[in-house]
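entry_17.cif follows; it contains mmCIF, N, CA and C atoms.
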data_coords
#
loop_
_atom_site.label_atom_id
_atom_site.label_comp_id
_atom_site.auth_asym_id
_atom_site.auth_seq_id
_atom_site.Cartn_x
_atom_site.Cartn_y
_atom_site.Cartn_z
N MET J 13 0.84 -1.18 0.00
CA MET J 13 0.00 0.00 0.00
C MET J 13 0.89 1.24 0.00
N GLU J 14 0.67 2.13 -0.93
CA GLU J 14 1.49 3.34 -1.05
C GLU J 14 0.99 4.40 -0.07
N SER J 15 1.93 5.14 0.50
CA SER J 15 1.55 6.15 1.47
C SER J 15 0.83 7.32 0.80
N ALA J 16 1.15 7.61 -0.46
CA ALA J 16 0.46 8.70 -1.15
C ALA J 16 -1.01 8.34 -1.34
N GLY J 17 -1.30 7.07 -1.56
CA GLY J 17 -2.69 6.64 -1.67
C GLY J 17 -3.44 6.80 -0.37
N VAL J 18 -2.75 6.59 0.73
CA VAL J 18 -3.38 6.75 2.04
C VAL J 18 -3.75 8.21 2.26
N VAL J 19 -2.83 9.11 1.95
CA VAL J 19 -3.11 10.53 2.14
C VAL J 19 -4.26 10.96 1.24
N ASN J 20 -4.27 10.48 0.00
CA ASN J 20 -5.35 10.86 -0.90
C ASN J 20 -6.69 10.32 -0.43
N SER J 21 -6.69 9.15 0.18
CA SER J 21 -7.96 8.63 0.69
C SER J 21 -8.38 9.34 1.97
N LEU J 22 -7.43 9.91 2.71
CA LEU J 22 -7.78 10.64 3.92
C LEU J 22 -8.25 12.06 3.61
N PHE J 23 -7.86 12.60 2.48
CA PHE J 23 -8.34 13.89 2.02
C PHE J 23 -9.21 13.65 0.79
N PRO J 24 -10.49 13.50 0.96
CA PRO J 24 -11.35 13.15 -0.18
C PRO J 24 -11.61 14.30 -1.14
N ILE J 25 -11.14 15.50 -0.82
CA ILE J 25 -11.31 16.61 -1.76
C ILE J 25 -9.99 16.93 -2.43
N GLU J 26 -10.07 17.62 -3.54
CA GLU J 26 -8.85 17.98 -4.28
C GLU J 26 -8.03 19.00 -3.50
N MET J 27 -6.74 19.03 -3.77
CA MET J 27 -5.85 19.94 -3.06
C MET J 27 -6.22 21.40 -3.32
N LYS J 28 -6.60 21.74 -4.56
CA LYS J 28 -6.96 23.13 -4.87
C LYS J 28 -8.18 23.58 -4.07
N PHE J 29 -9.17 22.70 -3.96
CA PHE J 29 -10.37 23.04 -3.21
C PHE J 29 -10.06 23.13 -1.72
N HIS J 30 -9.22 22.25 -1.21
CA HIS J 30 -8.80 22.28 0.19
C HIS J 30 -8.06 23.59 0.47
N MET J 31 -7.18 23.98 -0.44
CA MET J 31 -6.42 25.22 -0.27
C MET J 31 -7.36 26.43 -0.28
N PHE J 32 -8.32 26.42 -1.19
CA PHE J 32 -9.29 27.52 -1.27
C PHE J 32 -10.07 27.64 0.05
N LEU J 33 -10.55 26.51 0.57
CA LEU J 33 -11.32 26.54 1.81
C LEU J 33 -10.48 26.98 3.00
N ALA J 34 -9.24 26.54 3.05
CA ALA J 34 -8.35 26.93 4.15
C ALA J 34 -8.04 28.43 4.10
N LEU J 35 -7.79 28.95 2.92
CA LEU J 35 -7.51 30.38 2.80
C LEU J 35 -8.76 31.22 3.05
N LEU J 36 -9.91 30.72 2.64
CA LEU J 36 -11.16 31.41 2.92
C LEU J 36 -11.41 31.47 4.43
N ALA J 37 -11.19 30.36 5.11
CA ALA J 37 -11.34 30.33 6.57
C ALA J 37 -10.35 31.28 7.24
N PHE J 38 -9.12 31.33 6.72
CA PHE J 38 -8.12 32.25 7.26
C PHE J 38 -8.59 33.69 7.12
N LEU J 39 -9.12 34.05 5.96
CA LEU J 39 -9.59 35.42 5.74
C LEU J 39 -10.79 35.75 6.64
N VAL J 40 -11.74 34.85 6.72
CA VAL J 40 -12.94 35.11 7.51
C VAL J 40 -12.59 35.27 8.99
N PHE J 41 -11.82 34.32 9.54
CA PHE J 41 -11.49 34.41 10.96
C PHE J 41 -10.48 35.53 11.23
N GLY J 42 -9.62 35.84 10.27
CA GLY J 42 -8.71 36.97 10.42
C GLY J 42 -9.47 38.29 10.49
N ILE J 43 -10.46 38.45 9.63
CA ILE J 43 -11.28 39.66 9.66
C ILE J 43 -12.07 39.74 10.96
N GLN J 44 -12.60 38.62 11.41
CA GLN J 44 -13.34 38.61 12.68
C GLN J 44 -12.43 38.99 13.85
N PHE J 45 -11.17 38.52 13.81
CA PHE J 45 -10.24 38.88 14.87
C PHE J 45 -9.96 40.38 14.85
N VAL J 46 -9.77 40.96 13.66
CA VAL J 46 -9.51 42.39 13.56
C VAL J 46 -10.73 43.18 14.05
N ARG J 47 -11.92 42.71 13.73
CA ARG J 47 -13.14 43.42 14.13
C ARG J 47 -13.41 43.34 15.62
N TYR J 48 -13.30 42.14 16.19
CA TYR J 48 -13.74 41.93 17.57
C TYR J 48 -12.61 41.75 18.59
N ARG J 49 -11.39 41.54 18.14
CA ARG J 49 -10.22 41.36 19.03
C ARG J 49 -10.43 40.23 20.03
N LYS J 50 -11.05 39.14 19.59
CA LYS J 50 -11.24 37.98 20.45
C LYS J 50 -10.25 36.91 20.04
N SER J 51 -9.59 36.34 21.04
CA SER J 51 -8.47 35.45 20.78
C SER J 51 -8.86 34.14 20.11
N HIS J 52 -10.09 33.68 20.28
CA HIS J 52 -10.46 32.42 19.64
C HIS J 52 -10.53 32.56 18.13
N TYR J 53 -10.82 33.77 17.64
CA TYR J 53 -10.80 33.98 16.18
C TYR J 53 -9.37 33.88 15.64
N LEU J 54 -8.41 34.40 16.38
CA LEU J 54 -7.01 34.31 15.96
C LEU J 54 -6.54 32.86 15.95
N LEU J 55 -6.93 32.10 16.96
CA LEU J 55 -6.55 30.70 17.02
C LEU J 55 -7.13 29.92 15.84
N LEU J 56 -8.38 30.19 15.49
CA LEU J 56 -8.99 29.51 14.35
C LEU J 56 -8.38 29.97 13.03
N ALA J 57 -8.00 31.25 12.94
CA ALA J 57 -7.36 31.75 11.73
C ALA J 57 -6.02 31.07 11.49
N ILE J 58 -5.36 30.65 12.54
CA ILE J 58 -4.08 29.93 12.42
C ILE J 58 -4.32 28.45 12.17
N ALA J 59 -5.34 27.89 12.82
CA ALA J 59 -5.55 26.44 12.77
C ALA J 59 -5.98 25.94 11.39
N PHE J 60 -6.87 26.65 10.73
CA PHE J 60 -7.37 26.14 9.46
C PHE J 60 -6.30 26.04 8.36
N PRO J 61 -5.44 27.04 8.16
CA PRO J 61 -4.39 26.86 7.15
C PRO J 61 -3.38 25.77 7.50
N CYS J 62 -3.27 25.43 8.78
CA CYS J 62 -2.34 24.35 9.17
C CYS J 62 -2.77 22.99 8.63
N THR J 63 -4.02 22.87 8.20
CA THR J 63 -4.45 21.60 7.61
C THR J 63 -3.77 21.33 6.28
N LEU J 64 -3.12 22.35 5.73
CA LEU J 64 -2.40 22.18 4.46
C LEU J 64 -1.00 21.60 4.66
N LEU J 65 -0.51 21.53 5.87
CA LEU J 65 0.85 21.04 6.13
C LEU J 65 1.12 19.61 5.66
N PRO J 66 0.18 18.68 5.76
CA PRO J 66 0.49 17.33 5.28
C PRO J 66 0.78 17.25 3.78
N TYR J 67 0.41 18.25 3.02
CA TYR J 67 0.74 18.26 1.59
C TYR J 67 2.23 18.48 1.35
N LEU J 68 2.95 19.03 2.33
CA LEU J 68 4.38 19.27 2.16
C LEU J 68 5.15 17.96 2.01
N ASP J 69 4.81 16.97 2.83
CA ASP J 69 5.47 15.67 2.77
C ASP J 69 4.41 14.60 2.97
N GLN J 70 3.87 14.10 1.87
CA GLN J 70 2.76 13.16 1.95
C GLN J 70 3.17 11.79 2.48
N SER J 71 4.45 11.49 2.49
CA SER J 71 4.88 10.20 3.01
C SER J 71 5.09 10.21 4.53
N ASN J 72 5.06 11.36 5.14
CA ASN J 72 5.29 11.51 6.57
C ASN J 72 3.95 11.45 7.31
N MET J 73 3.61 10.28 7.80
CA MET J 73 2.33 10.11 8.49
C MET J 73 2.35 10.74 9.89
N SER J 74 3.53 10.88 10.50
CA SER J 74 3.58 11.52 11.81
C SER J 74 3.23 13.01 11.68
N LEU J 75 3.60 13.65 10.58
CA LEU J 75 3.19 15.03 10.33
C LEU J 75 1.67 15.10 10.19
N PHE J 76 1.10 14.15 9.48
CA PHE J 76 -0.34 14.11 9.27
C PHE J 76 -1.08 13.98 10.61
N TYR J 77 -0.65 13.04 11.44
CA TYR J 77 -1.31 12.85 12.73
C TYR J 77 -0.99 13.98 13.70
N GLY J 78 0.20 14.55 13.59
CA GLY J 78 0.55 15.70 14.43
C GLY J 78 -0.34 16.90 14.14
N VAL J 79 -0.60 17.13 12.87
CA VAL J 79 -1.50 18.22 12.49
C VAL J 79 -2.91 17.93 13.01
N GLY J 80 -3.31 16.66 12.94
CA GLY J 80 -4.63 16.29 13.46
C GLY J 80 -4.76 16.56 14.95
N VAL J 81 -3.74 16.21 15.70
CA VAL J 81 -3.75 16.47 17.15
C VAL J 81 -3.76 17.97 17.42
N PHE J 82 -2.95 18.72 16.67
CA PHE J 82 -2.92 20.17 16.82
C PHE J 82 -4.30 20.77 16.53
N GLU J 83 -4.94 20.32 15.46
CA GLU J 83 -6.27 20.83 15.11
C GLU J 83 -7.28 20.53 16.22
N PHE J 84 -7.23 19.33 16.75
CA PHE J 84 -8.15 18.95 17.83
C PHE J 84 -7.95 19.85 19.04
N ILE J 85 -6.70 20.05 19.43
CA ILE J 85 -6.39 20.91 20.58
C ILE J 85 -6.80 22.36 20.30
N ALA J 86 -6.56 22.84 19.08
CA ALA J 86 -6.90 24.21 18.73
C ALA J 86 -8.41 24.44 18.77
N PHE J 87 -9.18 23.49 18.28
CA PHE J 87 -10.63 23.64 18.29
C PHE J 87 -11.19 23.58 19.71
N ILE J 88 -10.67 22.69 20.53
CA ILE J 88 -11.11 22.63 21.93
C ILE J 88 -10.72 23.92 22.66
N ALA J 89 -9.50 24.39 22.43
CA ALA J 89 -9.04 25.62 23.09
C ALA J 89 -9.86 26.83 22.63
N SER J 90 -10.20 26.89 21.35
CA SER J 90 -11.00 28.03 20.88
C SER J 90 -12.41 27.98 21.45
N ALA J 91 -12.98 26.78 21.63
CA ALA J 91 -14.30 26.68 22.25
C ALA J 91 -14.24 27.13 23.71
N ILE J 92 -13.19 26.74 24.41
CA ILE J 92 -13.03 27.15 25.80
C ILE J 92 -12.82 28.66 25.90
N LEU J 93 -11.98 29.21 25.04
CA LEU J 93 -11.74 30.66 25.04
C LEU J 93 -13.00 31.45 24.74
N SER J 94 -13.81 30.94 23.82
CA SER J 94 -15.00 31.70 23.43
C SER J 94 -16.03 31.79 24.55
N VAL J 95 -16.06 30.82 25.44
CA VAL J 95 -17.04 30.86 26.53
C VAL J 95 -16.45 31.36 27.85
N THR J 96 -15.14 31.55 27.91
CA THR J 96 -14.55 32.03 29.16
C THR J 96 -13.97 33.43 29.00
N ILE J 97 -12.77 33.54 28.48
CA ILE J 97 -12.06 34.81 28.42
C ILE J 97 -12.72 35.78 27.44
N ASP J 98 -13.07 35.31 26.25
CA ASP J 98 -13.59 36.21 25.22
C ASP J 98 -15.06 36.56 25.43
N LYS J 99 -15.73 35.90 26.36
CA LYS J 99 -17.14 36.16 26.59
C LYS J 99 -17.36 37.57 27.12
N ASP J 100 -16.46 38.04 27.96
CA ASP J 100 -16.64 39.33 28.61
C ASP J 100 -16.14 40.50 27.78
N LYS J 101 -15.40 40.23 26.72
CA LYS J 101 -14.87 41.32 25.91
C LYS J 101 -15.99 41.97 25.09
N GLN J 102 -15.97 43.28 25.06
CA GLN J 102 -16.93 44.02 24.25
C GLN J 102 -16.35 44.21 22.86
N PRO J 103 -17.17 44.10 21.81
CA PRO J 103 -16.64 44.31 20.46
C PRO J 103 -16.19 45.75 20.26
N VAL J 104 -15.20 45.92 19.43
CA VAL J 104 -14.69 47.24 19.11
C VAL J 104 -15.73 47.94 18.24
N LYS J 105 -16.15 49.11 18.68
CA LYS J 105 -17.20 49.83 17.96
C LYS J 105 -16.55 50.82 17.01
N ILE J 106 -16.83 50.64 15.73
CA ILE J 106 -16.29 51.54 14.71
C ILE J 106 -17.46 52.36 14.17
N SER J 107 -17.39 53.66 14.34
CA SER J 107 -18.48 54.50 13.86
C SER J 107 -17.93 55.65 13.04
N GLU J 108 -18.84 56.31 12.37
CA GLU J 108 -18.45 57.43 11.51
C GLU J 108 -18.30 58.73 12.30
N ASN J 109 -18.95 58.81 13.47
CA ASN J 109 -18.92 60.02 14.26
C ASN J 109 -18.42 59.71 15.68
N PRO J 110 -17.10 59.75 15.88
CA PRO J 110 -16.56 59.39 17.20
C PRO J 110 -16.94 60.38 18.30
N ASP J 111 -17.22 61.66 17.97
CA ASP J 111 -17.61 62.64 18.99
C ASP J 111 -18.95 62.26 19.62
N GLN J 112 -19.86 61.81 18.79
CA GLN J 112 -21.17 61.41 19.30
C GLN J 112 -21.03 60.18 20.20
N ASP J 113 -20.13 59.27 19.83
CA ASP J 113 -19.90 58.09 20.66
C ASP J 113 -19.35 58.47 22.03
N ASP J 114 -18.47 59.49 22.07
CA ASP J 114 -17.92 59.95 23.34
C ASP J 114 -19.03 60.51 24.23
N LEU J 115 -19.95 61.28 23.63
CA LEU J 115 -21.06 61.84 24.40
C LEU J 115 -21.96 60.73 24.95
N GLU J 116 -22.24 59.72 24.12
CA GLU J 116 -23.08 58.60 24.56
C GLU J 116 -22.39 57.83 25.68
N GLN J 117 -21.09 57.65 25.58
CA GLN J 117 -20.35 56.93 26.63
C GLN J 117 -20.36 57.71 27.93
N LYS J 118 -20.22 59.03 27.86
CA LYS J 118 -20.26 59.86 29.07
C LYS J 118 -21.64 59.81 29.72
N LYS J 119 -22.69 59.80 28.89
CA LYS J 119 -24.05 59.69 29.43
C LYS J 119 -24.24 58.36 30.14
N GLN J 120 -23.74 57.28 29.52
CA GLN J 120 -23.86 55.96 30.14
C GLN J 120 -23.09 55.90 31.45
N ASP J 121 -21.89 56.46 31.45
CA ASP J 121 -21.08 56.44 32.66
C ASP J 121 -21.77 57.23 33.78
N SER J 122 -22.37 58.39 33.45
CA SER J 122 -23.03 59.19 34.47
C SER J 122 -24.28 58.49 34.99
N GLN J 123 -24.99 57.78 34.12
CA GLN J 123 -26.18 57.04 34.54
C GLN J 123 -25.79 55.87 35.45
N GLU J 124 -24.70 55.20 35.14
CA GLU J 124 -24.23 54.10 35.97
C GLU J 124 -23.75 54.60 37.32
N GLY J 125 -23.17 55.80 37.35
CA GLY J 125 -22.70 56.38 38.60
C GLY J 125 -23.84 56.78 39.51
N ASP J 126 -24.98 57.15 38.91
CA ASP J 126 -26.15 57.54 39.68
C ASP J 126 -26.82 56.36 40.36
N LEU J 127 -26.61 55.16 39.84
CA LEU J 127 -27.26 53.98 40.43
C LEU J 127 -26.62 53.64 41.69
#

Can I see the file as structure tokens?
Amino acid sequence: MESAGVVNSLFPIEMKFHMFLALLAFLVFGIQFVRYRKSHYLLLAIAFPCTLLPYLDQSNMSLFYGVGVFEFIAFIASAILSVTIDKDKQPVKISENPDQDDLEQKKQDSQEGDL
């Protein structure tokens, strides 16, 4: 049994399509990280392109399984981060009129101080 055949049977999609999906996931999660500054998006933006590493050396099955273990750990860690540390973070608010946002924030702060 050839090792290249094993890798091809473990990746049932073509390499071009796999690369497209990995880069698309990188862009989507990268943009989400820039927008919301939540660490689980950064972890996912790194994890998805790492699935392309077994294509570098298709005969190295330890690389293949190592990437699998890394992906499993990354997905579990991102799930934990999303419900613990990143849960309390407020999204970065980007608006066209920052002066109005400052006034609204001051009103909120004064209302909270009155309570």

>> I'd like the contact shell of segment 22-30 of chain J - 10 Å cut-off, only C-alpha atoms, skipping same-chain residues fewer than 6 positions apart - returned as a list in words.
In response: Ala16, Leu36, Pro61, Thr63, Leu64, Tyr67 and Phe76 of chain J

> Do you have the atom N of Leu54 of chain J-atom C of Phe41 of chain J distance handy?
Replying inline: 5.7 Å

>> Could you tell me how far atom CA of Pro66 of chain J sits from atom CA of Phe45 of chain J, in Å to one decimal place?
In response: 25.9 Å

> Taking only N, CA and C atoms into account, which of J:Leu93, J:Leu68, J:Leu33, J:Val79 comes nearest Tyr53 of chain J?
Replying inline: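 Ranking J:Leu93, J:Leu68, J:Leu33, J:Val79 by distance to Tyr53 of chain J, first place goes to J:Leu93.
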
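The two atoms in question, atom N of Val46 of chain J and atom CA of Gly78 of chain J, are spaced 27.3 Å apart.
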
>> Going by DSSP on the backbone, which residues of segment 46-108 of chain J come out as helix (DSSP H, G or I)? List them as a PyMOL selection string.
In response: chain J and resi 46-48+51-59+61-67+73-95

> For this file, the PyMOL selection byres ((chain J and resi 80-86) around 8) selects which residues, as JSON, numbers by chain?
Replying inline: {"J": [55, 56, 59, 60, 62, 63, 74, 75, 76, 77, 78, 79, 87, 88, 89, 90, 91, 92]}

Those same residues - N, CA and C atoms - I'd like them written as a tab-separated table (two decimals), keeping the file's coordinate frame.
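What follows is the written file again.tsv:
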chain	number	residue	atom	x	y	z
J	55	LEU	N	-6.93	32.10	16.96
J	55	LEU	CA	-6.55	30.70	17.02
J	55	LEU	C	-7.13	29.92	15.84
J	56	LEU	N	-8.38	30.19	15.49
J	56	LEU	CA	-8.99	29.51	14.35
J	56	LEU	C	-8.38	29.97	13.03
J	59	ALA	N	-5.34	27.89	12.82
J	59	ALA	CA	-5.55	26.44	12.77
J	59	ALA	C	-5.98	25.94	11.39
J	60	PHE	N	-6.87	26.65	10.73
J	60	PHE	CA	-7.37	26.14	9.46
J	60	PHE	C	-6.30	26.04	8.36
J	62	CYS	N	-3.27	25.43	8.78
J	62	CYS	CA	-2.34	24.35	9.17
J	62	CYS	C	-2.77	22.99	8.63
J	63	THR	N	-4.02	22.87	8.20
J	63	THR	CA	-4.45	21.60	7.61
J	63	THR	C	-3.77	21.33	6.28
J	74	SER	N	3.53	10.88	10.50
J	74	SER	CA	3.58	11.52	11.81
J	74	SER	C	3.23	13.01	11.68
J	75	LEU	N	3.60	13.65	10.58
J	75	LEU	CA	3.19	15.03	10.33
J	75	LEU	C	1.67	15.10	10.19
J	76	PHE	N	1.10	14.15	9.48
J	76	PHE	CA	-0.34	14.11	9.27
J	76	PHE	C	-1.08	13.98	10.61
J	77	TYR	N	-0.65	13.04	11.44
J	77	TYR	CA	-1.31	12.85	12.73
J	77	TYR	C	-0.99	13.98	13.70
J	78	GLY	N	0.20	14.55	13.59
J	78	GLY	CA	0.55	15.70	14.43
J	78	GLY	C	-0.34	16.90	14.14
J	79	VAL	N	-0.60	17.13	12.87
J	79	VAL	CA	-1.50	18.22	12.49
J	79	VAL	C	-2.91	17.93	13.01
J	87	PHE	N	-9.18	23.49	18.28
J	87	PHE	CA	-10.63	23.64	18.29
J	87	PHE	C	-11.19	23.58	19.71
J	88	ILE	N	-10.67	22.69	20.53
J	88	ILE	CA	-11.11	22.63	21.93
J	88	ILE	C	-10.72	23.92	22.66
J	89	ALA	N	-9.50	24.39	22.43
J	89	ALA	CA	-9.04	25.62	23.09
J	89	ALA	C	-9.86	26.83	22.63
J	90	SER	N	-10.20	26.89	21.35
J	90	SER	CA	-11.00	28.03	20.88
J	90	SER	C	-12.41	27.98	21.45
J	91	ALA	N	-12.98	26.78	21.63
J	91	ALA	CA	-14.30	26.68	22.25
J	91	ALA	C	-14.24	27.13	23.71
J	92	ILE	N	-13.19	26.74	24.41
J	92	ILE	CA	-13.03	27.15	25.80
J	92	ILE	C	-12.82	28.66	25.90

If the box runs along x, y and z of the file and leaves 6 Å on each side of segment 28-41 of chain J, what are its centre and edge lengths in Å, one decimal, as JSON?
{"center_x": -9.7, "center_y": 28.7, "center_z": 3.2, "size_x": 18.5, "size_y": 26.0, "size_z": 28.1}

>> Expand the PyMOL selection byres (((chain J and resi 99 and name CA) around 12) and name CA) into the explicit residue set it covers here, and present it as a ChimeraX atom specification.
In response: /J:48-52,90-98,100-103
